[in-house]
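Data from coords.pdb: PDB, C-alpha atoms
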ATOM      1  CA  MET A   1       0.000   0.000   0.000  1.00  0.00           C
ATOM      2  CA  GLU A   2       1.438   3.368  -1.018  1.00  0.00           C
ATOM      3  CA  THR A   3       1.003   6.175   1.459  1.00  0.00           C
ATOM      4  CA  GLN A   4       2.460   9.061  -0.555  1.00  0.00           C
ATOM      5  CA  GLN A   5      -0.038  11.060  -2.591  1.00  0.00           C
ATOM      6  CA  THR A   6       0.768  13.756  -5.155  1.00  0.00           C
ATOM      7  CA  ASN A   7      -1.067  15.588  -7.874  1.00  0.00           C
ATOM      8  CA  GLN A   8       0.906  13.784 -10.584  1.00  0.00           C
ATOM      9  CA  PRO A   9       1.283  10.090 -11.381  1.00  0.00           C
ATOM     10  CA  GLU A  10       4.474   8.752  -9.857  1.00  0.00           C
ATOM     11  CA  GLN A  11       7.073   6.645 -11.572  1.00  0.00           C
ATOM     12  CA  GLU A  12       9.484   4.159 -10.064  1.00  0.00           C
ATOM     13  CA  THR A  13      12.918   3.247 -11.294  1.00  0.00           C
ATOM     14  CA  GLU A  14      13.004   0.142 -13.409  1.00  0.00           C
ATOM     15  CA  THR A  15      14.640  -2.862 -11.819  1.00  0.00           C
ATOM     16  CA  ILE A  16      16.566  -5.174 -14.112  1.00  0.00           C
ATOM     17  CA  VAL A  17      17.596  -8.625 -12.982  1.00  0.00           C
ATOM     18  CA  THR A  18      21.285  -8.923 -13.839  1.00  0.00           C
ATOM     19  CA  VAL A  19      23.283 -12.002 -14.747  1.00  0.00           C
ATOM     20  CA  THR A  20      26.991 -11.541 -14.133  1.00  0.00           C
ATOM     21  CA  SER A  21      28.603 -14.360 -16.101  1.00  0.00           C
ATOM     22  CA  GLU A  22      27.937 -17.778 -17.554  1.00  0.00           C
ATOM     23  CA  THR A  23      28.718 -19.465 -14.245  1.00  0.00           C
ATOM     24  CA  GLU A  24      27.324 -17.254 -11.516  1.00  0.00           C
ATOM     25  CA  GLN A  25      24.257 -15.349 -10.438  1.00  0.00           C
ATOM     26  CA  GLN A  26      23.733 -12.149  -8.540  1.00  0.00           C
ATOM     27  CA  VAL A  27      20.866 -11.252  -6.276  1.00  0.00           C
ATOM     28  CA  VAL A  28      19.499  -7.974  -7.490  1.00  0.00           C
ATOM     29  CA  GLY A  29      17.131  -5.555  -6.014  1.00  0.00           C
ATOM     30  CA  ASP A  30      14.177  -3.364  -6.022  1.00  0.00           C
ATOM     31  CA  GLU A  31      15.935  -0.014  -6.111  1.00  0.00           C
ATOM     32  CA  SER A  32      12.624   1.759  -5.828  1.00  0.00           C
ATOM     33  CA  ILE A  33      12.962   5.525  -5.745  1.00  0.00           C
ATOM     34  CA  SER A  34       9.509   6.964  -6.279  1.00  0.00           C
ATOM     35  CA  VAL A  35       9.448  10.174  -8.251  1.00  0.00           C
ATOM     36  CA  VAL A  36       7.331  12.601 -10.170  1.00  0.00           C
ATOM     37  CA  PRO A  37       8.782  12.969 -13.697  1.00  0.00           C
ATOM     38  CA  ASN A  38      11.116  15.948 -14.141  1.00  0.00           C
ATOM     39  CA  GLU A  39      10.886  17.061 -10.554  1.00  0.00           C
ATOM     40  CA  SER A  40      12.835  20.249  -9.866  1.00  0.00           C
ATOM     41  CA  ASP A  41      12.823  23.237  -7.605  1.00  0.00           C
ATOM     42  CA  ARG A  42      12.883  25.526 -10.655  1.00  0.00           C
ATOM     43  CA  ALA A  43       9.145  25.826 -11.016  1.00  0.00           C
ATOM     44  CA  THR A  44       8.964  28.038 -14.083  1.00  0.00           C
ATOM     45  CA  THR A  45      11.297  25.878 -16.159  1.00  0.00           C
ATOM     46  CA  GLU A  46       9.456  22.724 -15.207  1.00  0.00           C
ATOM     47  CA  LYS A  47       6.079  24.212 -15.945  1.00  0.00           C
ATOM     48  CA  MET A  48       7.268  25.152 -19.433  1.00  0.00           C
ATOM     49  CA  LYS A  49       8.602  21.639 -20.062  1.00  0.00           C
ATOM     50  CA  THR A  50       5.852  19.501 -18.535  1.00  0.00           C
ATOM     51  CA  GLY A  51       2.982  21.706 -17.479  1.00  0.00           C
ATOM     52  CA  PHE A  52       3.638  20.576 -13.924  1.00  0.00           C
ATOM     53  CA  ASP A  53       4.423  23.154 -11.265  1.00  0.00           C
ATOM     54  CA  PRO A  54       5.940  21.516  -8.155  1.00  0.00           C
ATOM     55  CA  ARG A  55       4.806  24.503  -6.097  1.00  0.00           C
ATOM     56  CA  SER A  56       1.267  23.324  -6.694  1.00  0.00           C
ATOM     57  CA  LEU A  57       1.980  20.405  -4.366  1.00  0.00           C
ATOM     58  CA  ASP A  58       1.650  20.629  -0.636  1.00  0.00           C
ATOM     59  CA  ASP A  59       4.928  21.016   1.259  1.00  0.00           C
ATOM     60  CA  LYS A  60       5.346  17.346   2.194  1.00  0.00           C
ATOM     61  CA  SER A  61       4.905  16.226  -1.417  1.00  0.00           C
ATOM     62  CA  ARG A  62       7.185  18.955  -2.700  1.00  0.00           C
ATOM     63  CA  TYR A  63       9.948  18.062  -0.244  1.00  0.00           C
ATOM     64  CA  PHE A  64       9.595  14.392  -1.173  1.00  0.00           C
ATOM     65  CA  ASN A  65      10.003  15.134  -4.870  1.00  0.00           C
ATOM     66  CA  ILE A  66      12.941  17.488  -4.356  1.00  0.00           C
ATOM     67  CA  ALA A  67      14.557  14.717  -2.282  1.00  0.00           C
ATOM     68  CA  THR A  68      14.089  12.161  -5.037  1.00  0.00           C
ATOM     69  CA  PHE A  69      15.544  14.604  -7.564  1.00  0.00           C
ATOM     70  CA  HIS A  70      18.737  14.840  -5.499  1.00  0.00           C
ATOM     71  CA  HIS A  71      18.604  11.088  -4.830  1.00  0.00           C
ATOM     72  CA  ARG A  72      18.619  10.260  -8.540  1.00  0.00           C
ATOM     73  CA  ASN A  73      21.527  12.631  -9.040  1.00  0.00           C
ATOM     74  CA  LYS A  74      23.433  10.926  -6.200  1.00  0.00           C
ATOM     75  CA  ASP A  75      23.562  14.078  -4.109  1.00  0.00           C
ATOM     76  CA  TYR A  76      22.844  11.979  -1.053  1.00  0.00           C
ATOM     77  CA  PHE A  77      23.296  14.591   1.656  1.00  0.00           C
ATOM     78  CA  ALA A  78      20.842  16.953  -0.038  1.00  0.00           C
ATOM     79  CA  ALA A  79      18.424  14.065  -0.564  1.00  0.00           C
ATOM     80  CA  LEU A  80      18.565  13.070   3.104  1.00  0.00           C
ATOM     81  CA  LYS A  81      17.969  16.696   4.085  1.00  0.00           C
ATOM     82  CA  TYR A  82      14.776  16.923   2.042  1.00  0.00           C
ATOM     83  CA  TYR A  83      13.565  13.443   2.991  1.00  0.00           C
ATOM     84  CA  GLU A  84      13.908  14.602   6.602  1.00  0.00           C
ATOM     85  CA  LYS A  85      11.801  17.680   5.862  1.00  0.00           C
ATOM     86  CA  ALA A  86       9.184  15.490   4.192  1.00  0.00           C
ATOM     87  CA  LYS A  87       9.224  13.050   7.116  1.00  0.00           C
ATOM     88  CA  ARG A  88       8.528  15.795   9.661  1.00  0.00           C
ATOM     89  CA  LEU A  89       5.403  16.773   7.730  1.00  0.00           C
ATOM     90  CA  ASP A  90       4.392  13.227   6.756  1.00  0.00           C
ATOM     91  CA  PRO A  91       5.615  10.912   9.548  1.00  0.00           C
ATOM     92  CA  THR A  92       3.566   7.901   8.417  1.00  0.00           C
ATOM     93  CA  ASN A  93       4.973   7.775   4.878  1.00  0.00           C
ATOM     94  CA  ALA A  94       6.800   4.447   4.606  1.00  0.00           C
ATOM     95  CA  ARG A  95       8.290   5.306   1.219  1.00  0.00           C
ATOM     96  CA  ILE A  96      10.433   8.034   2.729  1.00  0.00           C
ATOM     97  CA  HIS A  97      12.124   5.459   4.946  1.00  0.00           C
ATOM     98  CA  ASN A  98      12.547   3.019   2.055  1.00  0.00           C
ATOM     99  CA  ASN A  99      14.285   5.664  -0.042  1.00  0.00           C
ATOM    100  CA  ARG A 100      16.464   6.823   2.850  1.00  0.00           C
ATOM    101  CA  ALA A 101      17.498   3.188   3.323  1.00  0.00           C
ATOM    102  CA  LEU A 102      18.645   2.991  -0.295  1.00  0.00           C
ATOM    103  CA  ILE A 103      20.861   6.021   0.269  1.00  0.00           C
ATOM    104  CA  TYR A 104      22.412   4.516   3.382  1.00  0.00           C
ATOM    105  CA  LYS A 105      23.013   1.284   1.471  1.00  0.00           C
ATOM    106  CA  GLU A 106      24.861   3.222  -1.232  1.00  0.00           C
ATOM    107  CA  MET A 107      26.862   5.023   1.450  1.00  0.00           C
ATOM    108  CA  GLY A 108      27.996   1.702   2.919  1.00  0.00           C
ATOM    109  CA  LYS A 109      25.905   2.012   6.079  1.00  0.00           C
ATOM    110  CA  PRO A 110      23.885  -1.224   6.172  1.00  0.00           C
ATOM    111  CA  GLN A 111      22.746  -0.948   9.785  1.00  0.00           C
ATOM    112  CA  GLU A 112      21.263   2.503   9.160  1.00  0.00           C
ATOM    113  CA  ALA A 113      19.585   1.121   6.037  1.00  0.00           C
ATOM    114  CA  ILE A 114      18.105  -1.785   7.974  1.00  0.00           C
ATOM    115  CA  GLY A 115      16.767   0.604  10.623  1.00  0.00           C
ATOM    116  CA  GLU A 116      15.028   2.697   7.982  1.00  0.00           C
ATOM    117  CA  LEU A 117      13.505  -0.345   6.297  1.00  0.00           C
ATOM    118  CA  LEU A 118      12.254  -1.783   9.573  1.00  0.00           C
ATOM    119  CA  GLN A 119      10.584   1.549  10.232  1.00  0.00           C
ATOM    120  CA  ALA A 120       9.061   1.404   6.735  1.00  0.00           C
ATOM    121  CA  VAL A 121       7.448  -1.985   7.367  1.00  0.00           C
ATOM    122  CA  ARG A 122       6.278  -0.893  10.814  1.00  0.00           C
ATOM    123  CA  LEU A 123       4.430   1.942   9.109  1.00  0.00           C
ATOM    124  CA  ASP A 124       3.149  -0.241   6.269  1.00  0.00           C
ATOM    125  CA  SER A 125       3.174  -3.980   6.941  1.00  0.00           C
ATOM    126  CA  ASN A 126       2.199  -4.683   3.319  1.00  0.00           C
ATOM    127  CA  TYR A 127       5.168  -2.850   1.801  1.00  0.00           C
ATOM    128  CA  GLY A 128       6.697  -5.655  -0.264  1.00  0.00           C
ATOM    129  CA  LYS A 129       9.459  -3.507  -1.758  1.00  0.00           C
ATOM    130  CA  ALA A 130      10.844  -2.727   1.686  1.00  0.00           C
ATOM    131  CA  TYR A 131      10.915  -6.424   2.593  1.00  0.00           C
ATOM    132  CA  ASN A 132      12.744  -7.177  -0.652  1.00  0.00           C
ATOM    133  CA  ASN A 133      15.291  -4.468   0.098  1.00  0.00           C
ATOM    134  CA  LEU A 134      15.790  -5.892   3.588  1.00  0.00           C
ATOM    135  CA  GLY A 135      16.508  -9.244   1.979  1.00  0.00           C
ATOM    136  CA  LEU A 136      19.074  -7.664  -0.317  1.00  0.00           C
ATOM    137  CA  ILE A 137      20.944  -5.942   2.473  1.00  0.00           C
ATOM    138  CA  TYR A 138      21.056  -9.051   4.634  1.00  0.00           C
ATOM    139  CA  TYR A 139      22.217 -11.072   1.617  1.00  0.00           C
ATOM    140  CA  LYS A 140      25.095  -8.657   1.018  1.00  0.00           C
ATOM    141  CA  MET A 141      25.977  -8.891   4.707  1.00  0.00           C
ATOM    142  CA  GLY A 142      26.221 -12.677   4.393  1.00  0.00           C
ATOM    143  CA  ASP A 143      23.145 -13.328   6.547  1.00  0.00           C
ATOM    144  CA  GLY A 144      21.309 -15.913   4.454  1.00  0.00           C
ATOM    145  CA  ILE A 145      18.749 -16.741   7.130  1.00  0.00           C
ATOM    146  CA  ASN A 146      17.385 -13.212   7.361  1.00  0.00           C
ATOM    147  CA  ALA A 147      17.727 -12.719   3.604  1.00  0.00           C
ATOM    148  CA  VAL A 148      15.475 -15.722   2.946  1.00  0.00           C
ATOM    149  CA  ARG A 149      13.067 -14.586   5.649  1.00  0.00           C
ATOM    150  CA  TYR A 150      12.527 -11.188   4.048  1.00  0.00           C
ATOM    151  CA  PHE A 151      12.484 -12.418   0.444  1.00  0.00           C
ATOM    152  CA  GLU A 152       9.822 -14.933   1.462  1.00  0.00           C
ATOM    153  CA  LYS A 153       7.781 -12.130   3.014  1.00  0.00           C
ATOM    154  CA  ALA A 154       8.179 -10.009  -0.129  1.00  0.00           C
ATOM    155  CA  THR A 155       6.956 -12.825  -2.384  1.00  0.00           C
ATOM    156  CA  GLU A 156       4.089 -13.559  -0.005  1.00  0.00           C
ATOM    157  CA  LEU A 157       2.915  -9.956  -0.280  1.00  0.00           C
ATOM    158  CA  ASP A 158       3.494  -9.718  -4.028  1.00  0.00           C
ATOM    159  CA  PRO A 159       3.386 -13.194  -5.616  1.00  0.00           C
ATOM    160  CA  ALA A 160       3.962 -11.746  -9.096  1.00  0.00           C
ATOM    161  CA  ASN A 161       7.124  -9.770  -8.268  1.00  0.00           C
ATOM    162  CA  VAL A 162       9.736 -11.375 -10.518  1.00  0.00           C
ATOM    163  CA  GLU A 163      12.708  -9.760  -8.760  1.00  0.00           C
ATOM    164  CA  SER A 164      11.732 -11.039  -5.316  1.00  0.00           C
ATOM    165  CA  ILE A 165      10.977 -14.512  -6.670  1.00  0.00           C
ATOM    166  CA  ASN A 166      14.310 -14.634  -8.481  1.00  0.00           C
ATOM    167  CA  ASN A 167      16.193 -13.453  -5.392  1.00  0.00           C
ATOM    168  CA  LEU A 168      14.563 -16.083  -3.219  1.00  0.00           C
ATOM    169  CA  ALA A 169      15.263 -18.801  -5.784  1.00  0.00           C
ATOM    170  CA  ILE A 170      18.958 -17.891  -5.879  1.00  0.00           C
ATOM    171  CA  LEU A 171      19.210 -18.235  -2.104  1.00  0.00           C
ATOM    172  CA  TYR A 172      17.338 -21.541  -2.137  1.00  0.00           C
ATOM    173  CA  LYS A 173      19.785 -22.805  -4.769  1.00  0.00           C
ATOM    174  CA  GLN A 174      22.781 -21.653  -2.736  1.00  0.00           C
ATOM    175  CA  GLN A 175      21.341 -23.505   0.259  1.00  0.00           C
ATOM    176  CA  ARG A 176      20.855 -26.629  -1.938  1.00  0.00           C
ATOM    177  CA  HIS A 177      17.063 -26.486  -1.772  1.00  0.00           C
ATOM    178  CA  TYR A 178      17.058 -27.340  -5.446  1.00  0.00           C
ATOM    179  CA  ARG A 179      13.417 -28.316  -5.840  1.00  0.00           C
ATOM    180  CA  ARG A 180      12.208 -25.078  -4.224  1.00  0.00           C
ATOM    181  CA  ALA A 181      14.561 -23.066  -6.421  1.00  0.00           C
ATOM    182  CA  GLU A 182      13.420 -24.891  -9.568  1.00  0.00           C
ATOM    183  CA  LEU A 183       9.764 -24.185  -8.842  1.00  0.00           C
ATOM    184  CA  LEU A 184      10.485 -20.490  -8.331  1.00  0.00           C
ATOM    185  CA  TYR A 185      12.567 -20.179 -11.513  1.00  0.00           C
ATOM    186  CA  ARG A 186       9.739 -21.825 -13.418  1.00  0.00           C
ATOM    187  CA  LYS A 187       7.362 -19.336 -11.870  1.00  0.00           C
ATOM    188  CA  VAL A 188       9.562 -16.482 -13.146  1.00  0.00           C
ATOM    189  CA  ILE A 189       9.347 -17.955 -16.657  1.00  0.00           C
ATOM    190  CA  ASN A 190       5.581 -18.415 -16.405  1.00  0.00           C
ATOM    191  CA  LEU A 191       5.120 -14.822 -15.257  1.00  0.00           C
ATOM    192  CA  GLU A 192       7.476 -13.413 -17.907  1.00  0.00           C
ATOM    193  CA  PRO A 193       8.010 -15.936 -20.732  1.00  0.00           C
ATOM    194  CA  ARG A 194      10.492 -13.636 -22.461  1.00  0.00           C
ATOM    195  CA  HIS A 195      12.537 -13.041 -19.317  1.00  0.00           C
ATOM    196  CA  PRO A 196      16.044 -14.249 -20.380  1.00  0.00           C
ATOM    197  CA  GLU A 197      17.484 -14.577 -16.893  1.00  0.00           C
ATOM    198  CA  GLY A 198      14.746 -16.962 -15.822  1.00  0.00           C
ATOM    199  CA  TYR A 199      15.925 -19.466 -18.435  1.00  0.00           C
ATOM    200  CA  TYR A 200      19.575 -18.771 -17.652  1.00  0.00           C
ATOM    201  CA  ASN A 201      19.150 -19.330 -13.929  1.00  0.00           C
ATOM    202  CA  LEU A 202      17.170 -22.515 -14.474  1.00  0.00           C
ATOM    203  CA  ALA A 203      19.904 -23.779 -16.820  1.00  0.00           C
ATOM    204  CA  LEU A 204      22.498 -23.100 -14.117  1.00  0.00           C
ATOM    205  CA  LEU A 205      20.471 -25.087 -11.618  1.00  0.00           C
ATOM    206  CA  TYR A 206      20.090 -28.032 -13.991  1.00  0.00           C
ATOM    207  CA  GLU A 207      23.800 -28.011 -14.779  1.00  0.00           C
ATOM    208  CA  GLU A 208      24.701 -27.957 -11.091  1.00  0.00           C
ATOM    209  CA  THR A 209      22.400 -30.906 -10.397  1.00  0.00           C
ATOM    210  CA  GLY A 210      23.713 -32.942 -13.330  1.00  0.00           C
ATOM    211  CA  ARG A 211      20.725 -32.551 -15.659  1.00  0.00           C
ATOM    212  CA  LEU A 212      22.876 -31.534 -18.598  1.00  0.00           C
ATOM    213  CA  LYS A 213      20.341 -32.066 -21.388  1.00  0.00           C
ATOM    214  CA  ASP A 214      17.813 -29.874 -19.569  1.00  0.00           C
ATOM    215  CA  ALA A 215      20.520 -27.281 -18.955  1.00  0.00           C
ATOM    216  CA  ILE A 216      21.317 -27.170 -22.678  1.00  0.00           C
ATOM    217  CA  VAL A 217      17.642 -26.588 -23.529  1.00  0.00           C
ATOM    218  CA  TYR A 218      17.379 -23.607 -21.216  1.00  0.00           C
ATOM    219  CA  TYR A 219      20.778 -22.145 -22.134  1.00  0.00           C
ATOM    220  CA  ASN A 220      19.641 -22.229 -25.767  1.00  0.00           C
ATOM    221  CA  ARG A 221      16.431 -20.449 -24.876  1.00  0.00           C
ATOM    222  CA  PHE A 222      18.421 -17.801 -23.043  1.00  0.00           C
ATOM    223  CA  VAL A 223      20.594 -17.267 -26.127  1.00  0.00           C
ATOM    224  CA  GLU A 224      17.506 -16.849 -28.315  1.00  0.00           C
ATOM    225  CA  LEU A 225      16.063 -14.189 -26.030  1.00  0.00           C
ATOM    226  CA  ALA A 226      19.240 -12.325 -25.047  1.00  0.00           C
ATOM    227  CA  ALA A 227      21.305 -12.330 -28.249  1.00  0.00           C
ATOM    228  CA  SER A 228      20.546  -8.695 -29.064  1.00  0.00           C
ATOM    229  CA  THR A 229      20.721  -7.331 -25.516  1.00  0.00           C
ATOM    230  CA  ARG A 230      23.551  -9.418 -24.009  1.00  0.00           C
ATOM    231  CA  PRO A 231      25.848 -10.192 -26.981  1.00  0.00           C
ATOM    232  CA  ALA A 232      28.997 -10.798 -24.928  1.00  0.00           C
ATOM    233  CA  LEU A 233      27.291 -13.130 -22.494  1.00  0.00           C
ATOM    234  CA  THR A 234      25.393 -15.026 -25.193  1.00  0.00           C
ATOM    235  CA  LEU A 235      28.674 -15.627 -27.021  1.00  0.00           C
ATOM    236  CA  LYS A 236      30.136 -17.187 -23.864  1.00  0.00           C
ATOM    237  CA  VAL A 237      26.993 -19.237 -23.308  1.00  0.00           C
ATOM    238  CA  ARG A 238      27.152 -20.594 -26.864  1.00  0.00           C
ATOM    239  CA  GLY A 239      30.659 -21.829 -26.181  1.00  0.00           C
ATOM    240  CA  HIS A 240      29.532 -23.294 -22.883  1.00  0.00           C
ATOM    241  CA  ILE A 241      26.653 -25.121 -24.611  1.00  0.00           C
ATOM    242  CA  GLN A 242      29.126 -26.820 -26.958  1.00  0.00           C
ATOM    243  CA  LYS A 243      31.148 -28.043 -23.996  1.00  0.00           C
ATOM    244  CA  LEU A 244      28.022 -29.367 -22.294  1.00  0.00           C
ATOM    245  CA  GLN A 245      26.926 -31.156 -25.462  1.00  0.00           C
ATOM    246  CA  GLU A 246      30.304 -32.874 -25.701  1.00  0.00           C
ATOM    247  CA  LYS A 247      30.162 -33.777 -22.023  1.00  0.00           C
ATOM    248  CA  SER A 248      26.622 -35.159 -22.236  1.00  0.00           C
ATOM    249  CA  GLN A 249      27.560 -37.377 -25.187  1.00  0.00           C
ATOM    250  CA  SER A 250      30.726 -38.780 -23.656  1.00  0.00           C
TER     251      SER A 250
END
Structure translated into C-alpha cells:
Amino acid sequence: METQQTNQPEQETETIVTVTSETEQQVVGDESISVVPNESDRATTEKMKTGFDPRSLDDKSRYFNIATFHHRNKDYFAALKYYEKAKRLDPTNARIHNNRALIYKEMGKPQEAIGELLQAVRLDSNYGKAYNNLGLIYYKMGDGINAVRYFEKATELDPANVESINNLAILYKQQRHYRRAELLYRKVINLEPRHPEGYYNLALLYEETGRLKDAIVYYNRFVELAASTRPALTLKVRGHIQKLQEKSQS
C-alpha cells in the first residue's frame, strides 16, 4: 500500500535482474525511488517543459520530490535533508524510509539502512518492496537466514514480483534447496516468458544438479532471447553449450 499522494502520477525506477557471467548469479534488487517525472525546484522551467508546477503540491509532497531529484543525481546529503523535511510533515509515509534506506546502502551504512527499512514496514506492513530491500541488504551482509526470511515475506505480499521470486530462488539454490529453487525459476518464466534470466538461472540449476540435457535446452532459450541485448554473455553461453553437449555425449 502506497502512502504518498501527489497531484501527478508517480514513476518508479526500473529494476533489471542482472546475470553476471555464464557461471554465476547475482541477487538484485528493487531499487525503488519513487518520483514525479522531471521534478525540480525551478518551477517556471518545469512548468514550461511539462505543465507541472511543483509549487502546486503541498509542502510534504514537494519536499519528497525534491529529495528524489537529489537522490537520482546521487547528491545523497541533499536528498537526506529533504527526505527529513518530508518526514517531519508526513511521519507515516513508509516510502520516505525506504528511499532513505537505499541512500544509506549506497553510502555503505547497512545498519542505518536496515533501521530505515524496519521503520518502513512498521508503518506499512504490506510494503513488499521494503521487505525485498531488507533481503538484499542481509544477503550482502552474508546473513542468508534473514535474507530468505525477508524475500519470502516479499513474495508472499506480491506473488507476481519477478525480482523477489528470483532473489529467493537464488538463495534456495545456494542452500541446496534445489526443488524449491526450480519451482520459483519456473514461476519467473511463467510470469514473464520472455525473461532471459529466468531461463539462464534454471539452466544453471540443472547443470549444477547434473541434468545436462535440460541445462542445454534452457541455455539455448536464453541465447535466443538475449542475443541482441547481451551479446557478450550469449557468445560465452554458446561456447559453454558446446562443452556441455560434448560432455553429455561422452
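Look at region 136-150 of chain A: the protein and nucleic acid residues within 7 Å of it, using only C-alpha atoms and passing over chain neighbours fewer than 5 places away, are Gly29, Pro110, Tyr131, Leu168 and Leu171 of chain A.
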Atomic distance CA of Glu197 (chain A) - CA of Ala226 (chain A), expressed in Å with one decimal: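 These two atoms are separated by 8.6 Å.
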Distance query 10 Å from (17.1, -18.6, -25.3) using all atoms listed in the file, result as a PyMOL selection string: chain A and resi 194-200+216-227+234
Which residue of A:Leu204, A:Ala86, A:Ala215, A:Ala232 approaches Gln245 (chain A) most closely, using all atoms listed in the file: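 Of A:Leu204, A:Ala86, A:Ala215, A:Ala232, the one nearest Gln245 (chain A), counting all atoms listed in the file, is A:Ala215.
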Which residue of A:Leu244, A:Leu184, A:Leu191, A:Ala113 approaches Asn133 (chain A) most closely, using all atoms listed in the file: A:Ala113
Distance criterion (only C-alpha atoms): nearest to Tyr178 (chain A) out of A:Met107, A:Leu235, A:Leu205, A:Ala79: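 That would be A:Leu205, the residue with the smallest distance to Tyr178 (chain A).
Counting all atoms listed in the file and comparing A:Val121, A:Asn126, A:Tyr172, A:Leu134, the residue that lies closest to Glu156 (chain A) is A:Asn126.
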Between CA of Ala120 (chain A) and CA of Asn132 (chain A), distance in Å (one decimal):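 If I compute the distance from CA of Ala120 (chain A) to CA of Asn132 (chain A), I get 11.9 Å.
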Contacts of Leu118 (chain A) within 12 Å, only C-alpha atoms, excl. fewer than 4 positions in-chain, as a list in words: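 Within the cut-off, the hits are Ala94, Arg95, His97, Asn98, Arg100, Ala101, Gln111, Glu112, Ala113, Ile114, Arg122, Leu123, Asp124, Ser125, Tyr127, Gly128, Lys129, Ala130, Tyr131, Asn132, Asn133, Leu134, Gly135, Ile137 and Tyr150 of chain A.
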Show me, as lines of an AutoDock Vina configuration file, the centre and edge lengths in Å to one decimal of the axis-aligned box that covers every listed atom of region 168-171 of chain A with 5 Å on each side.
center_x = 16.9
center_y = -17.4
center_z = -4.0
size_x = 14.6
size_y = 12.7
size_z = 13.8
Interatomic distance (Å, one decimal) between CA of Asp59 (chain A) and CA of Ala78 (chain A): 16.5 Å
